[in-house]
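A.B. asks: My structure is below; once you've seen it, I'll send some questions.
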Amino acid sequence: MARKPLLHLAALALTCSLAGTSGNALENSLARTPPMGWNSWITFELKVDEKLVRSMADAMVTSGMKDAGYVYLVVDAGWKGKQRGPRGELVADPAKFPSGIKALADYIHSKGLKFGIYTDAGIKDCDSGAPGSHDHEAQDAATFASWGVDFVKEDWCNTAGLKAQEVYTKMSRALRDTGRPITFSMCEWGDNHPWLWGADVANMWRTTGDSKQCWDCGHDTKDKPGGYPRGWTLILDAQPTLKQYAAPGHWNDADILVAGVRGVPVEESRANFSLWSILASPLFVGADLRSLSPKLKDIFLNKEVIAVDQDPAGIEGDRVAKRGDGEVWARPLANHDTAVVLFNRGPSPKTIAVLWTDIRKTSNETLTVRDLWMHRDMGGHRGEYSAMVPSHGVVMLRIGPSQP
């Protein structure tokens, strides 16, 4: 979660000068594949309470999401009280969470899920006005660990004069020092190029401002610092230069999926989910899991697409061809197959082809093709494969001499 740039951000030039890190990536044995779960922000914003969170934990189980790999339930902003407690500790809003965060974490754990929580690197959270973790990193990390927190997301609002790499490193070390395995997510919005130094600090880092449930809104602010929200295709377009920085244990985070969120059509939801999987992005659903339609369940529970996101090789995919409104995105997989998305940005259906040379194969090879949304083997093809792709939609394939 990131919002409007309320205060001055750390100078980009300084971050670039800090980019030469030790090269010893954070190794906490977590996030060996991109984390998967649910996050409260995009649908509920600050309107979170323990009843909602418990009902969402129940829905993660009954919907089949947990069994499909979505194990983190992350309570974003809105959970904190407006003031710290008498010993300087973070406290939950007593009206929203009367049973306390420890009891909530225990309930989530009882469902076989992991519990995630939100804080901010600055003096205050982005929108709620609650205290941030600046100069309280060790205390807050210890508090989170005592509650049974498994995942911490730290935002970047109200950080005037702070240096991103230094501040996030403080929280990273504080979490490590608790002795509890806690996945660390930096929500720094990409302003200070976190991919250059993030592997030493966190398991995942945001690469842009917030995702917004629209196709391509936000053109006027997408290049401004401060976490301005933007349509998901603009986030997609910011990813292709970053793939070298992703690997098991640390990932480029393209933000919460807009798939299934009110106002996002099913075809765009399927496209968002497919392309985030090609990117090896963490898959955090933002939709209300208590009221998923059958079509949305088919998207979120597609084991073949999830297997692409969770591929153990951990190689991020990329756009390998663009021909007008038709694009080809591809990702090499551990068994030497290639996952491919044919993506149609245009206003009407379009035939899109992937050439074997697009995916570093020779044009005289015959390769097998499987359609991952139709769950159908499409046979052997030589040189290329083409399909009709709906407007703003995708066809997703697995191509290779072998099949999953």
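Ordered as shown in the structure tokens, chains take letters A, B, and onward, while each chain numbers its residues from 1 and ligands are numbered from 1 in the order shown.
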Env of Ala254 in chain A: 8 Å cut, atoms = only C-alpha atoms, seq-sep filter 4 positions within chain, self excluded. Answer as a PyMOL selection string.

C.D. replies: chain A and resi 206-208+211+235-236+239+276+281-282

A.B. asks: Could you list, with a cut-off of 9 Å and counting only C-alpha atoms, the residues of range 184-242 of chain A near range 33-48 of chain A, each shown with its nearest atom pair and the distance in Å rounded to one decimal, rows sorted by chain and ascending number, as a tab-separated table?

C.D. replies:
```
residue	atom	partner	partner_atom	distance
A:Asn203	CA	A:Pro34	CA	8.9
A:Met204	CA	A:Pro34	CA	8.3
A:Ser211	CA	A:Ile42	CA	8.3
A:Lys212	CA	A:Ile42	CA	7.8
A:Gln213	CA	A:Ile42	CA	8.3
```

A.B. asks: Given the selection you just returned, output its residues as a file containing C-alpha atoms, formatted as an mmCIF file, in the first residue's frame.

C.D. replies:
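Now in again-v2.cif:
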```cif
data_model
loop_
_atom_site.group_PDB
_atom_site.id
_atom_site.type_symbol
_atom_site.label_atom_id
_atom_site.label_comp_id
_atom_site.auth_asym_id
_atom_site.auth_seq_id
_atom_site.Cartn_x
_atom_site.Cartn_y
_atom_site.Cartn_z
ATOM 1 C CA ASN A 203 12.188 -11.231 0.535
ATOM 2 C CA MET A 204 10.211 -9.004 -1.835
ATOM 3 C CA SER A 211 -2.017 -1.163 -8.403
ATOM 4 C CA LYS A 212 -5.410 0.324 -9.159
ATOM 5 C CA GLN A 213 -8.438 -1.572 -10.457
#
```

A.B. asks: Quick one: of A:Ser99, A:Asn272, A:Ser185, A:Ser277, who's nearest to Val340 in chain A, counting only C-alpha atoms?

C.D. replies: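 Closest residue, counting only C-alpha atoms: A:Ser277.
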
A.B. asks: Looking only at the backbone, which of the residues in range 85-244 of chain A does DSSP tag as strand (DSSP E or B), as a PyMOL selection string?

C.D. replies: chain A and resi 92+114-120+124+131+151-155+183-186+204-206+211-212+230-231

A.B. asks: Check the smallest atom-to-atom distance from each of A:Glu304, A:Asp337, A:Glu137, A:Asp311 to Thr368 in chain A using only C-alpha atoms, then report the winner.

C.D. replies: A:Asp337

A.B. asks: Rank nothing, just name the residue among A:Leu26, A:Val266, A:Leu283, A:Ala105 nearest to Arg173 in chain A, using only C-alpha atoms.

C.D. replies: A:Leu26

A.B. asks: Tell me, as a PyMOL selection string, which residues lie within 9 Å of Pro248 in chain A, counting only C-alpha atoms; anything in the same chain fewer than 5 positions away does not count.

C.D. replies: chain A and resi 30-34+203+312-315

A.B. asks: Given the selection you just returned, output its residues as a file containing N, CA, C and O atoms, formatted as a compact mmCIF listing (two decimals), in the first residue's frame.

C.D. replies:
```txt
# COMPACT_ATOMS: atom_id res chain seq x y z
N LEU A 30 13.17 -18.31 3.66
CA LEU A 30 11.77 -18.05 3.37
C LEU A 30 11.59 -17.63 1.91
O LEU A 30 12.54 -17.24 1.24
N ALA A 31 10.36 -17.71 1.45
CA ALA A 31 10.00 -17.23 0.11
C ALA A 31 10.86 -17.85 -0.98
O ALA A 31 11.32 -17.17 -1.89
N ARG A 32 11.06 -19.15 -0.91
CA ARG A 32 11.84 -19.82 -1.96
C ARG A 32 11.09 -19.81 -3.28
O ARG A 32 11.69 -19.94 -4.35
N THR A 33 9.77 -19.70 -3.22
CA THR A 33 8.96 -19.36 -4.38
C THR A 33 8.16 -18.11 -4.00
O THR A 33 8.07 -17.77 -2.82
N PRO A 34 7.61 -17.39 -4.96
CA PRO A 34 6.91 -16.14 -4.63
C PRO A 34 5.78 -16.38 -3.63
O PRO A 34 4.95 -17.26 -3.82
N ASN A 203 12.59 -10.12 1.38
CA ASN A 203 12.19 -11.23 0.53
C ASN A 203 11.43 -10.78 -0.70
O ASN A 203 11.31 -11.53 -1.67
N PRO A 312 10.13 -23.76 -9.41
CA PRO A 312 11.27 -23.71 -8.49
C PRO A 312 12.53 -23.08 -9.04
O PRO A 312 13.40 -22.69 -8.26
N ALA A 313 12.65 -22.96 -10.36
CA ALA A 313 13.84 -22.31 -10.91
C ALA A 313 13.88 -20.83 -10.55
O ALA A 313 14.95 -20.23 -10.48
N GLY A 314 12.72 -20.23 -10.35
CA GLY A 314 12.66 -18.84 -9.90
C GLY A 314 13.16 -17.84 -10.92
O GLY A 314 13.65 -16.77 -10.55
N ILE A 315 13.02 -18.13 -12.20
CA ILE A 315 13.46 -17.22 -13.26
C ILE A 315 12.28 -16.35 -13.67
O ILE A 315 11.24 -16.86 -14.10
```
